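Text of the file target-v7.csv, holding CSV, C-alpha atoms and all ligand atoms:
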```
chain,number,residue,atom,x,y,z
A,1,MET,CA,-2.8,21.6,-70.9
A,2,VAL,CA,-0.1,19.7,-72.8
A,3,PRO,CA,0.1,16.3,-71.1
A,4,ILE,CA,2.7,15.5,-68.5
A,5,LYS,CA,5.3,13.0,-69.8
A,6,GLN,CA,7.3,12.4,-66.7
A,7,MET,CA,7.3,13.2,-63.0
A,8,LYS,CA,10.6,13.4,-61.1
A,9,LEU,CA,11.1,13.5,-57.4
A,10,HIS,CA,14.4,15.0,-56.3
A,11,LYS,CA,15.2,14.4,-52.6
A,12,LEU,CA,17.4,17.1,-51.3
A,13,ASN,CA,19.4,17.6,-48.2
A,14,MET,CA,20.3,21.2,-47.3
A,15,ARG,CA,21.6,22.7,-44.1
A,16,MET,CA,20.3,26.0,-43.0
A,17,LYS,CA,22.7,28.8,-41.9
A,18,ASP,CA,21.3,28.8,-38.4
A,19,PRO,CA,19.2,26.4,-36.3
A,20,PHE,CA,15.5,27.4,-36.1
A,21,THR,CA,13.8,26.7,-32.7
A,22,THR,CA,10.1,26.6,-32.1
A,23,SER,CA,8.0,25.3,-29.2
A,24,PHE,CA,8.1,21.9,-30.8
A,25,GLY,CA,11.9,21.6,-31.4
A,26,THR,CA,15.0,22.7,-33.3
A,27,MET,CA,15.6,22.2,-37.0
A,28,GLN,CA,18.8,22.9,-39.0
A,29,ASP,CA,19.2,20.1,-41.5
A,30,LYS,CA,16.4,20.0,-44.0
A,31,GLU,CA,15.6,17.0,-46.2
A,32,PHE,CA,12.7,17.6,-48.6
A,33,PHE,CA,11.4,16.8,-52.1
A,34,ILE,CA,11.6,19.0,-55.1
A,35,THR,CA,9.1,17.8,-57.7
A,36,GLU,CA,9.4,18.2,-61.4
A,37,ALA,CA,6.7,17.7,-64.0
A,38,VAL,CA,8.0,17.5,-67.6
A,39,ASP,CA,6.0,17.7,-70.9
A,40,ASP,CA,7.3,16.7,-74.4
A,41,ARG,CA,7.9,20.3,-75.4
A,42,GLY,CA,10.8,20.8,-73.0
A,43,ASN,CA,8.8,22.6,-70.3
A,44,ARG,CA,9.6,21.7,-66.7
A,45,GLY,CA,7.4,22.7,-63.8
A,46,PHE,CA,8.7,22.6,-60.3
A,47,GLY,CA,7.1,22.1,-56.9
A,48,GLU,CA,8.5,21.7,-53.3
A,49,SER,CA,7.2,19.7,-50.4
A,50,VAL,CA,7.2,21.5,-47.0
A,51,ALA,CA,7.1,18.3,-45.0
A,52,PHE,CA,10.0,18.0,-42.5
A,53,ILE,CA,12.0,14.9,-41.4
A,54,ASN,CA,10.0,14.7,-38.1
A,55,PRO,CA,6.2,14.8,-37.6
A,56,TRP,CA,6.5,17.7,-35.1
A,57,TYR,CA,4.6,20.4,-36.9
A,58,SER,CA,2.1,17.9,-38.4
A,59,GLU,CA,1.8,14.2,-39.0
A,60,GLU,CA,3.5,14.3,-42.5
A,61,THR,CA,7.2,13.5,-43.0
A,62,VAL,CA,9.6,13.2,-45.9
A,63,GLU,CA,9.1,9.5,-45.9
A,64,THR,CA,5.3,9.6,-45.7
A,65,ASN,CA,5.5,12.0,-48.7
A,66,LEU,CA,7.5,9.4,-50.7
A,67,HIS,CA,5.0,6.7,-49.9
A,68,MET,CA,2.0,8.8,-50.8
A,69,MET,CA,3.4,10.3,-54.0
A,70,ARG,CA,4.9,7.1,-55.3
A,71,ASP,CA,2.1,4.7,-54.3
A,72,PHE,CA,-1.0,6.8,-54.6
A,73,LEU,CA,-0.8,10.3,-56.0
A,74,ILE,CA,1.5,9.9,-59.0
A,75,PRO,CA,-0.5,6.8,-60.2
A,76,ILE,CA,-3.6,9.1,-60.2
A,77,LEU,CA,-1.8,11.6,-62.3
A,78,GLN,CA,-0.6,8.9,-64.7
A,79,ARG,CA,-4.2,7.6,-65.1
A,80,ASN,CA,-5.9,10.9,-65.8
A,81,LEU,CA,-5.7,13.7,-68.3
A,82,ILE,CA,-5.3,17.1,-66.7
A,83,GLU,CA,-6.9,20.1,-68.4
A,84,HIS,CA,-6.2,22.7,-65.8
A,85,PRO,CA,-4.2,22.6,-62.5
A,86,ASP,CA,-7.4,23.0,-60.5
A,87,ASP,CA,-8.3,19.4,-61.7
A,88,VAL,CA,-5.4,18.0,-59.5
A,89,SER,CA,-7.0,18.7,-56.1
A,90,ALA,CA,-10.3,17.2,-57.3
A,91,LEU,CA,-8.4,14.1,-58.5
A,92,PHE,CA,-6.6,13.8,-55.2
A,93,HIS,CA,-9.7,14.3,-53.2
A,94,PRO,CA,-10.4,10.5,-52.5
A,95,ILE,CA,-7.0,10.3,-50.8
A,96,LYS,CA,-7.4,11.6,-47.2
A,97,ARG,CA,-5.2,14.4,-45.9
A,98,ASN,CA,-1.4,14.1,-46.8
A,99,ASN,CA,-1.8,17.6,-48.0
A,100,MET,CA,1.9,18.4,-48.2
A,101,ALA,CA,2.5,15.4,-50.6
A,102,LYS,CA,-0.5,16.5,-52.7
A,103,SER,CA,0.7,20.1,-52.8
A,104,ALA,CA,4.2,19.2,-53.9
A,105,LEU,CA,2.8,17.5,-57.0
A,106,GLU,CA,0.1,20.1,-57.7
A,107,GLY,CA,2.7,22.9,-57.5
A,108,ALA,CA,4.8,21.3,-60.2
A,109,VAL,CA,1.6,21.0,-62.4
A,110,TRP,CA,0.8,24.7,-61.8
A,111,ASP,CA,4.3,25.8,-62.7
A,112,LEU,CA,4.2,23.6,-65.8
A,113,TYR,CA,0.8,25.0,-66.8
A,114,ALA,CA,2.0,28.6,-66.4
A,115,LYS,CA,5.1,27.9,-68.5
A,116,GLN,CA,3.1,26.2,-71.2
A,117,HIS,CA,0.9,29.4,-71.4
A,118,HIS,CA,3.9,31.8,-71.2
A,119,MET,CA,2.5,33.5,-68.2
A,120,SER,CA,3.9,34.0,-64.7
A,121,LEU,CA,2.5,31.7,-61.9
A,122,ALA,CA,1.2,34.8,-60.2
A,123,ALA,CA,-0.8,35.8,-63.3
A,124,ALA,CA,-2.0,32.2,-63.7
A,125,LEU,CA,-3.4,32.3,-60.2
A,126,GLY,CA,-5.1,35.6,-60.8
A,127,GLY,CA,-2.6,37.7,-58.7
A,128,GLU,CA,-2.6,41.5,-58.9
A,129,LYS,CA,0.4,42.8,-56.9
A,130,LYS,CA,3.7,43.6,-58.5
A,131,GLU,CA,5.4,43.6,-55.1
A,132,ILE,CA,4.6,41.9,-51.8
A,133,ASP,CA,5.1,43.0,-48.2
A,134,VAL,CA,7.1,40.6,-46.1
A,135,GLY,CA,7.8,40.0,-42.4
A,136,ILE,CA,10.2,37.6,-40.7
A,137,SER,CA,9.8,34.8,-38.2
A,138,ILE,CA,12.5,34.6,-35.5
A,139,GLY,CA,13.0,31.3,-33.6
A,140,ILE,CA,13.5,31.0,-29.9
A,141,GLN,CA,16.9,32.4,-29.0
A,142,PRO,CA,19.5,31.4,-26.3
A,143,SER,CA,18.9,34.8,-24.5
A,144,ILE,CA,16.7,37.9,-24.6
A,145,GLN,CA,19.7,40.0,-25.6
A,146,LYS,CA,20.3,37.8,-28.6
A,147,LEU,CA,16.7,38.0,-29.6
A,148,ILE,CA,16.7,41.8,-29.3
A,149,ASP,CA,19.9,42.0,-31.4
A,150,THR,CA,18.4,39.7,-34.1
A,151,ILE,CA,15.2,41.8,-34.2
A,152,GLY,CA,17.2,45.0,-34.5
A,153,ARG,CA,19.1,43.6,-37.5
A,154,PHE,CA,15.8,42.5,-39.3
A,155,VAL,CA,14.1,45.8,-38.5
A,156,ALA,CA,17.1,47.7,-40.0
A,157,ALA,CA,16.8,45.5,-43.1
A,158,GLY,CA,13.2,46.7,-43.5
A,159,TYR,CA,11.1,43.7,-42.7
A,160,LYS,CA,7.5,44.9,-42.2
A,161,ARG,CA,6.6,42.9,-39.1
A,162,ILE,CA,8.5,40.7,-36.7
A,163,LYS,CA,7.1,37.3,-35.6
A,164,ILE,CA,8.6,35.9,-32.4
A,165,LYS,CA,8.3,32.3,-31.5
A,166,ILE,CA,7.1,31.7,-27.9
A,167,LYS,CA,6.6,28.7,-25.6
A,168,PRO,CA,5.9,28.4,-21.8
A,169,GLY,CA,8.8,30.0,-20.0
A,170,TRP,CA,9.7,32.2,-23.1
A,171,ASP,CA,6.7,34.4,-23.6
A,172,ILE,CA,5.2,37.3,-21.6
A,173,ASP,CA,8.4,38.6,-20.1
A,174,VAL,CA,10.3,38.2,-23.3
A,175,LEU,CA,7.6,40.0,-25.4
A,176,ARG,CA,7.4,42.8,-22.8
A,177,GLN,CA,11.1,43.5,-23.0
A,178,VAL,CA,11.0,43.3,-26.8
A,179,ARG,CA,8.0,45.8,-26.8
A,180,GLU,CA,10.0,48.2,-24.6
A,181,LYS,CA,12.9,48.2,-27.0
A,182,PHE,CA,10.8,48.4,-30.2
A,183,PRO,CA,7.6,50.4,-29.2
A,184,GLU,CA,6.6,51.1,-32.8
A,185,VAL,CA,7.4,47.8,-34.6
A,186,PRO,CA,4.5,45.5,-35.7
A,187,ILE,CA,5.1,42.4,-33.6
A,188,MET,CA,3.3,39.1,-33.3
A,189,ALA,CA,3.9,35.9,-31.5
A,190,ASP,CA,3.6,32.2,-32.7
A,191,ALA,CA,3.2,29.5,-30.0
A,192,ASN,CA,3.0,26.5,-32.4
A,193,SER,CA,0.2,25.0,-30.2
A,194,ALA,CA,2.2,25.1,-26.9
A,195,TYR,CA,-0.6,26.1,-24.6
A,196,SER,CA,-4.0,24.9,-23.4
A,197,LEU,CA,-7.1,26.6,-22.0
A,198,ALA,CA,-5.7,26.2,-18.5
A,199,ASP,CA,-3.3,29.0,-19.5
A,200,ILE,CA,-6.1,31.5,-20.3
A,201,ASP,CA,-5.1,34.0,-17.6
A,202,HIS,CA,-1.5,33.7,-18.5
A,203,LEU,CA,-2.2,34.4,-22.2
A,204,ARG,CA,-4.5,37.3,-21.4
A,205,GLN,CA,-1.4,39.2,-20.3
A,206,LEU,CA,-0.5,39.5,-24.0
A,207,ASP,CA,-3.4,41.9,-24.4
A,208,ASP,CA,-1.4,44.8,-22.9
A,209,LEU,CA,1.5,44.4,-25.5
A,210,GLY,CA,-0.2,45.7,-28.6
A,211,LEU,CA,0.5,42.6,-30.7
A,212,MET,CA,-0.9,42.2,-34.2
A,213,MET,CA,-1.9,38.7,-33.3
A,214,ILE,CA,-1.0,35.5,-31.6
A,215,GLU,CA,-0.7,32.5,-33.9
A,216,GLN,CA,-1.8,29.0,-33.0
A,217,PRO,CA,-1.8,29.3,-29.2
A,218,LEU,CA,-3.7,26.0,-28.5
A,219,ALA,CA,-3.7,22.5,-29.9
A,220,HIS,CA,-2.8,21.7,-33.5
A,221,ASP,CA,-6.1,20.0,-34.0
A,222,ASP,CA,-8.4,22.4,-32.1
A,223,ILE,CA,-10.9,25.1,-33.2
A,224,ILE,CA,-13.3,24.8,-30.2
A,225,ASP,CA,-11.0,26.0,-27.4
A,226,HIS,CA,-9.6,28.7,-29.7
A,227,ALA,CA,-13.1,30.1,-29.9
A,228,THR,CA,-13.3,30.2,-26.1
A,229,LEU,CA,-9.9,31.8,-25.9
A,230,GLN,CA,-10.7,34.4,-28.6
A,231,LYS,CA,-13.9,35.4,-26.6
A,232,ASN,CA,-11.7,36.1,-23.6
A,233,MET,CA,-8.8,37.9,-25.3
A,234,ARG,CA,-8.5,41.2,-27.3
A,235,THR,CA,-5.4,40.1,-29.2
A,236,PRO,CA,-6.5,38.6,-32.5
A,237,ILE,CA,-5.9,34.9,-32.8
A,238,CYS,CA,-4.5,33.6,-36.1
A,239,LEU,CA,-4.8,29.9,-36.9
A,240,ASP,CA,-2.0,28.0,-38.6
A,241,GLU,CA,-1.8,24.2,-37.7
A,242,SER,CA,-5.6,23.8,-37.3
A,243,ILE,CA,-6.5,24.8,-40.9
A,244,HIS,CA,-6.2,22.2,-43.6
A,245,SER,CA,-9.0,23.2,-46.0
A,246,LEU,CA,-11.6,25.7,-46.9
A,247,GLU,CA,-14.0,23.7,-44.8
A,248,ASP,CA,-11.8,24.0,-41.7
A,249,THR,CA,-11.6,27.8,-42.5
A,250,ARG,CA,-15.3,28.2,-42.7
A,251,LYS,CA,-15.9,26.3,-39.4
A,252,ALA,CA,-13.2,28.3,-37.6
A,253,VAL,CA,-14.6,31.6,-38.9
A,254,GLU,CA,-18.2,30.7,-38.1
A,255,LEU,CA,-17.2,29.6,-34.5
A,256,GLY,CA,-15.2,32.7,-34.0
A,257,SER,CA,-12.0,30.7,-33.4
A,258,CYS,CA,-9.8,33.3,-35.1
A,259,LYS,CA,-9.8,36.7,-36.8
A,260,ILE,CA,-6.8,35.9,-39.1
A,261,ILE,CA,-5.8,33.0,-41.2
A,262,ASN,CA,-2.2,32.0,-42.1
A,263,ILE,CA,-2.4,30.2,-45.4
A,264,LYS,CA,0.4,27.7,-46.0
A,265,VAL,CA,0.2,26.1,-49.5
A,266,GLY,CA,1.5,22.7,-48.3
A,267,ARG,CA,-0.7,22.5,-45.2
A,268,VAL,CA,-3.9,23.0,-47.2
A,269,GLY,CA,-3.0,20.7,-50.1
A,270,GLY,CA,-2.0,23.2,-52.8
A,271,LEU,CA,-2.4,26.4,-54.6
A,272,SER,CA,-6.0,25.7,-55.8
A,273,GLU,CA,-7.2,25.2,-52.2
A,274,SER,CA,-5.2,28.2,-51.0
A,275,LYS,CA,-7.0,30.3,-53.6
A,276,ARG,CA,-10.4,29.0,-52.4
A,277,ILE,CA,-9.5,29.9,-48.8
A,278,HIS,CA,-8.3,33.3,-49.9
A,279,ASP,CA,-11.5,34.0,-51.8
A,280,TYR,CA,-13.7,33.0,-48.8
A,281,CYS,CA,-11.7,35.1,-46.3
A,282,ARG,CA,-11.9,38.1,-48.7
A,283,GLU,CA,-15.7,37.8,-48.8
A,284,GLN,CA,-15.9,37.4,-45.0
A,285,GLY,CA,-13.5,40.3,-44.3
A,286,ILE,CA,-11.0,37.9,-42.6
A,287,ASP,CA,-7.3,39.0,-42.7
A,288,VAL,CA,-5.0,36.6,-44.5
A,289,TRP,CA,-1.2,36.2,-44.9
A,290,CYS,CA,1.1,33.6,-46.4
A,291,GLY,CA,3.0,31.4,-43.9
A,292,GLY,CA,6.4,29.8,-44.4
A,293,MET,CA,8.0,26.4,-43.8
A,294,LEU,CA,11.7,27.3,-44.1
A,295,GLU,CA,11.4,26.7,-47.9
A,296,ALA,CA,14.1,26.5,-50.4
A,297,GLY,CA,13.7,28.7,-53.5
A,298,VAL,CA,11.0,26.7,-55.3
A,299,GLY,CA,8.6,26.7,-52.4
A,300,ARG,CA,9.5,30.3,-51.7
A,301,ALA,CA,8.6,31.3,-55.3
A,302,HIS,CA,5.2,29.6,-55.0
A,303,ASN,CA,4.5,31.5,-51.8
A,304,ILE,CA,5.5,34.8,-53.6
A,305,ALA,CA,3.1,34.0,-56.5
A,306,LEU,CA,0.2,33.2,-54.2
A,307,THR,CA,0.8,36.3,-52.1
A,308,THR,CA,0.1,38.5,-55.2
A,309,LEU,CA,-3.6,37.8,-54.7
A,310,GLY,CA,-5.3,40.9,-53.4
A,311,GLY,CA,-6.7,39.4,-50.2
A,312,PHE,CA,-3.2,38.7,-48.7
A,313,ASN,CA,-3.4,42.0,-46.8
A,314,LEU,CA,-0.8,41.3,-44.0
A,315,PRO,CA,2.9,40.8,-44.5
A,316,GLY,CA,3.8,37.1,-44.8
A,317,ASP,CA,6.7,34.9,-43.5
A,318,THR,CA,8.3,34.8,-47.0
A,319,ALA,CA,11.8,36.2,-46.1
A,320,GLY,CA,14.7,36.4,-48.6
A,321,SER,CA,16.8,33.4,-49.5
A,322,SER,CA,19.8,34.6,-47.6
A,323,ARG,CA,17.9,34.5,-44.3
A,324,TYR,CA,18.0,30.7,-44.5
A,325,TRP,CA,20.6,29.5,-47.0
A,326,LYS,CA,24.3,30.1,-47.9
A,327,LYS,CA,23.3,29.1,-51.4
A,328,ASP,CA,19.7,28.7,-52.6
A,329,ILE,CA,18.6,26.4,-55.5
A,330,ILE,CA,17.2,29.2,-57.7
A,331,ALA,CA,18.7,32.0,-59.7
A,332,PRO,CA,18.4,34.8,-59.0
A,333,GLU,CA,17.8,34.2,-55.3
A,334,VAL,CA,14.8,35.8,-53.6
A,335,VAL,CA,15.8,39.3,-52.4
A,336,VAL,CA,14.0,41.5,-49.9
A,337,GLU,CA,14.4,45.2,-50.3
A,338,LYS,CA,12.9,47.6,-47.8
A,339,GLY,CA,10.5,44.9,-46.7
A,340,VAL,CA,9.2,44.0,-50.2
A,341,ILE,CA,9.9,41.4,-52.8
A,342,HIS,CA,9.5,42.4,-56.4
A,343,VAL,CA,7.4,39.7,-58.1
A,344,PRO,CA,9.1,38.1,-61.1
A,345,GLU,CA,7.2,38.4,-64.4
A,346,LYS,CA,9.0,35.6,-66.3
A,347,PRO,CA,6.9,32.4,-67.1
A,348,GLY,CA,6.0,30.1,-64.2
A,349,ILE,CA,7.6,30.5,-60.8
A,350,GLY,CA,9.8,33.2,-62.4
A,351,TYR,CA,13.1,32.0,-61.1
A,352,GLU,CA,15.5,29.5,-62.9
A,353,ILE,CA,16.6,26.3,-61.2
A,354,ASP,CA,20.3,26.5,-60.4
A,355,GLU,CA,21.1,23.0,-61.8
A,356,ASP,CA,24.5,22.8,-60.2
A,357,ALA,CA,23.0,23.6,-56.8
A,358,LEU,CA,20.1,21.1,-57.4
A,359,LYS,CA,22.6,18.4,-58.3
A,360,ARG,CA,24.9,19.2,-55.3
A,361,PHE,CA,22.0,18.9,-52.7
A,362,THR,CA,20.3,15.9,-54.3
A,363,VAL,CA,20.6,12.6,-52.3
A,364,ASP,CA,18.1,10.6,-54.3
A,365,THR,CA,16.0,10.8,-57.5
A,366,TYR,CA,12.8,8.9,-58.5
A,367,VAL,CA,11.5,9.0,-62.0
A,368,PHE,CA,8.0,8.1,-63.2
A,369,ASP,CA,7.1,7.9,-66.9
A,370,PHE,CA,3.6,8.7,-68.0
A,401,LIG,O1,4.6,27.9,-37.4
A,401,LIG,O2,4.9,29.2,-39.0
A,401,LIG,C1,5.3,28.3,-38.4
A,401,LIG,C2,8.8,27.3,-39.4
A,401,LIG,C3,8.7,25.9,-39.3
A,401,LIG,C4,7.5,25.3,-38.9
A,401,LIG,C5,6.4,26.1,-38.6
A,401,LIG,C6,6.5,27.5,-38.7
A,401,LIG,C7,7.8,28.1,-39.1
A,401,LIG,C8,8.0,29.5,-39.1
A,401,LIG,C9,9.1,30.0,-40.1
A,401,LIG,O3,7.4,30.3,-38.4
A,401,LIG,C10,8.5,30.6,-41.3
A,401,LIG,C11,9.6,30.8,-42.4
A,401,LIG,O4,10.4,31.6,-42.2
A,401,LIG,O5,9.6,30.1,-43.4
A,402,MG,MG,2.9,29.1,-37.2
```

Translate this structure into structure tokens?
Amino acid sequence: MVPIKQMKLHKLNMRMKDPFTTSFGTMQDKEFFITEAVDDRGNRGFGESVAFINPWYSEETVETNLHMMRDFLIPILQRNLIEHPDDVSALFHPIKRNNMAKSALEGAVWDLYAKQHHMSLAAALGGEKKEIDVGISIGIQPSIQKLIDTIGRFVAAGYKRIKIKIKPGWDIDVLRQVREKFPEVPIMADANSAYSLADIDHLRQLDDLGLMMIEQPLAHDDIIDHATLQKNMRTPICLDESIHSLEDTRKAVELGSCKIINIKVGRVGGLSESKRIHDYCREQGIDVWCGGMLEAGVGRAHNIALTTLGGFNLPGDTAGSSRYWKKDIIAPEVVVEKGVIHVPEKPGIGYEIDEDALKRFTVDTYVFDF
């Protein structure tokens, strides 16, 4: 590919319309990096880091991202010529973990590559679908009535499956009432690692509720206890936090720790590794869907492009921009119609950066010349 001339890190601060509560805490103000890879022909590729301010979902944060990108990862890109975006994950391999930092930079390189070749990011990744099915993730609510009202709104808007966040004290009884109100809606639950094997009898009560799956019931770093739980439960287990690579995926599948994988680009270190996990799961007959991290438009566009790969056979968490933001940083914004997103065919991520919005939300910029 045409060499990168410059890498920019834009640190943004955006406030979501509503707070989002999971078993690990509540988030509303998002600080995160938008990455920009520039060549000398006027092409600009964009990526987004999904690390949060706090290390509650995983160990990475906005500040660890800056340290890793500035002090280790960008110097690697400055020292090496990249022929294809797949080279980036190989170059980053000696640096352990820090997958969200790696992914933020690799994503900008993928978008730049696609734009240099006048193709959509979806096509560059080998994607097939023209539209993708999407679901929605609903945080823990102040009351069951509020949850039921919220679900009703999103079901009416056409979302193809509803994910409900659970935690001890907000689980079986809540899901039972939701199931009674919405007998036909595809429903799943996400525990964000709030339980342990001591809760096995409690969790088995989910088997009567006809859930599509339960996501990450046990510890963020576990695949052993999940295998025990899956043997004792009919509801399929989906792993999120525990999967950081193709190797993690292979081990979890071989152990029987899950029947479904949630691929998050940032969690696995980028689009190239996401593709490898997708390909492996497709061969093994494991269901796959694309997770979300409350992204702004750039990260959302990357998720859309990835989901066009044929093995993403379940609706993902890639909801429309307006579900999160008063004003997103891309134009047009991501729109969901009848539960689908029409995949843009323009070069790269397929959405323009709204420069005014980017400027308005930027709190810091770091520039690295190559
Ligand atoms: O576990 O999938 C998760 C949001 C923040 C952190 C972790 C998770 C989530 C979501 C929301 O479920 C997904 C989204 O709408 O982007
Ligand atoms: Mg999850």

Residues within 9 Å of A:Ile172, please, as a count of residues only. Count all atoms listed in the file; anything in the same chain fewer than 6 positions from it doesn't count.
6

Check the smallest atom-to-atom distance from each of A:Gly316, A:Pro94, A:Gly107, A:Gly297 to ligand MG 402 (chain A) using all atoms listed in the file, then report the winner.
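Closest residue, counting all atoms listed in the file: A:Gly316.
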
So, with all atoms listed in the file as the atoms that count, which of A:Val336, A:Met212, A:Ala101, A:Leu239 lies closest to ligand LIG 401 (chain A)?
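Checking each candidate against ligand LIG 401 (chain A), we get A:Leu239 as the closest.
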
Distance atom CA of A:Trp289-atom CA of A:Pro315, one decimal place?
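Spanning atom CA of A:Trp289 to atom CA of A:Pro315 is a straight-line distance of 6.2 Å.
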
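Selecting all polymer residues at most 8 Å from ligand MG 402 (chain A), using all atoms listed in the file, gives Asp190, Ala191, Asn192, Glu215, Gln216, Leu239, Asp240, Glu241, Asn262 and Gly291 of chain A.
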
Write the residues of the preceding selection, restricted to C-alpha atoms, as an mmCIF file, keeping the file's coordinate frame.
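Saved the output as selection.cif:
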```cif
data_model
loop_
_atom_site.group_PDB
_atom_site.id
_atom_site.type_symbol
_atom_site.label_atom_id
_atom_site.label_comp_id
_atom_site.auth_asym_id
_atom_site.auth_seq_id
_atom_site.Cartn_x
_atom_site.Cartn_y
_atom_site.Cartn_z
ATOM 1 C CA ASP A 190 3.600 32.200 -32.700
ATOM 2 C CA ALA A 191 3.200 29.500 -30.000
ATOM 3 C CA ASN A 192 3.000 26.500 -32.400
ATOM 4 C CA GLU A 215 -0.700 32.500 -33.900
ATOM 5 C CA GLN A 216 -1.800 29.000 -33.000
ATOM 6 C CA LEU A 239 -4.800 29.900 -36.900
ATOM 7 C CA ASP A 240 -2.000 28.000 -38.600
ATOM 8 C CA GLU A 241 -1.800 24.200 -37.700
ATOM 9 C CA ASN A 262 -2.200 32.000 -42.100
ATOM 10 C CA GLY A 291 3.000 31.400 -43.900
#
```

Could you list, as a list in words, all residues that come within 7 Å of ligand LIG 401 (chain A)? Count all atoms listed in the file.
Tyr57, Ile136, Ser137, Asp190, Asn192, Asp240, Gly291, Gly292, Met293, Leu294, Glu295, Asp317, Thr318 and Ala319 of chain A

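Around the point (7.6, 34.6, -57.0), within 7 Å and counting only C-alpha atoms, we find these residues: Ala301, His302, Asn303, Ile304, Ala305, Val343, Pro344, Ile349 and Gly350 of chain A.
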
Selection to disk with C-alpha atoms, as a PDB file, in the coordinates of the input:
```
ATOM      1  CA  ALA A 301       8.600  31.300 -55.300  1.00  0.00           C
ATOM      2  CA  HIS A 302       5.200  29.600 -55.000  1.00  0.00           C
ATOM      3  CA  ASN A 303       4.500  31.500 -51.800  1.00  0.00           C
ATOM      4  CA  ILE A 304       5.500  34.800 -53.600  1.00  0.00           C
ATOM      5  CA  ALA A 305       3.100  34.000 -56.500  1.00  0.00           C
ATOM      6  CA  VAL A 343       7.400  39.700 -58.100  1.00  0.00           C
ATOM      7  CA  PRO A 344       9.100  38.100 -61.100  1.00  0.00           C
ATOM      8  CA  ILE A 349       7.600  30.500 -60.800  1.00  0.00           C
ATOM      9  CA  GLY A 350       9.800  33.200 -62.400  1.00  0.00           C
TER      10      GLY A 350
END
```

Restricting the calculation to only C-alpha atoms: of A:Val109, A:Leu81, A:Met100, A:Ile138, which residue gets closest to A:Ala37?
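Closest residue, counting only C-alpha atoms: A:Val109.
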
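Note that the spacing between atom CA of A:Thr26 and atom CA of A:Gln141 amounts to 10.8 Å.
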
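Distance annotation: of A:Arg204, A:Val265, A:Gly320, A:Ile140, the residue with the minimal separation from A:Thr307 is A:Val265; atom set is all atoms listed in the file.
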
Excluding A:Met188 and its own-chain neighbours fewer than 2 positions away, which residues fall within 7 Å of it when counting only C-alpha atoms? Please give them as a list in words.
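Final neighbour list, sorted by chain and number: Ile162, Lys163, Ile164, Pro186, Asp190, Leu211, Met212, Met213 and Ile214 of chain A.
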
Residue list as an MDAnalysis selection string for point (7.7, 50.4, -31.1), cut-off 12 Å, only C-alpha atoms
chainID A and resid 151:152 155 161:162 175:187 209:211

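Put simply, atom CA of A:Leu77 is 24.9 Å away from atom CA of A:Glu352.
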
Nearest residue to A:Asp171 from the set A:Gln145, A:Ser257, A:Ser23, A:Ser242 (distances using all atoms listed in the file):
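Under the stated criterion, the closest residue is A:Ser23.
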
From the set A:Ile260, A:Val134, A:Ala198, A:Leu246, which residue has the shortest atom-to-atom contact distance to A:Val340, counting all atoms listed in the file?
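Under the stated criterion, the closest residue is A:Val134.
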
Neighbours of A:Val62 within 6 Å (all atoms listed in the file; same-chain residues fewer than 6 positions away dropped), as a ChimeraX atom specification?
/A:51-53
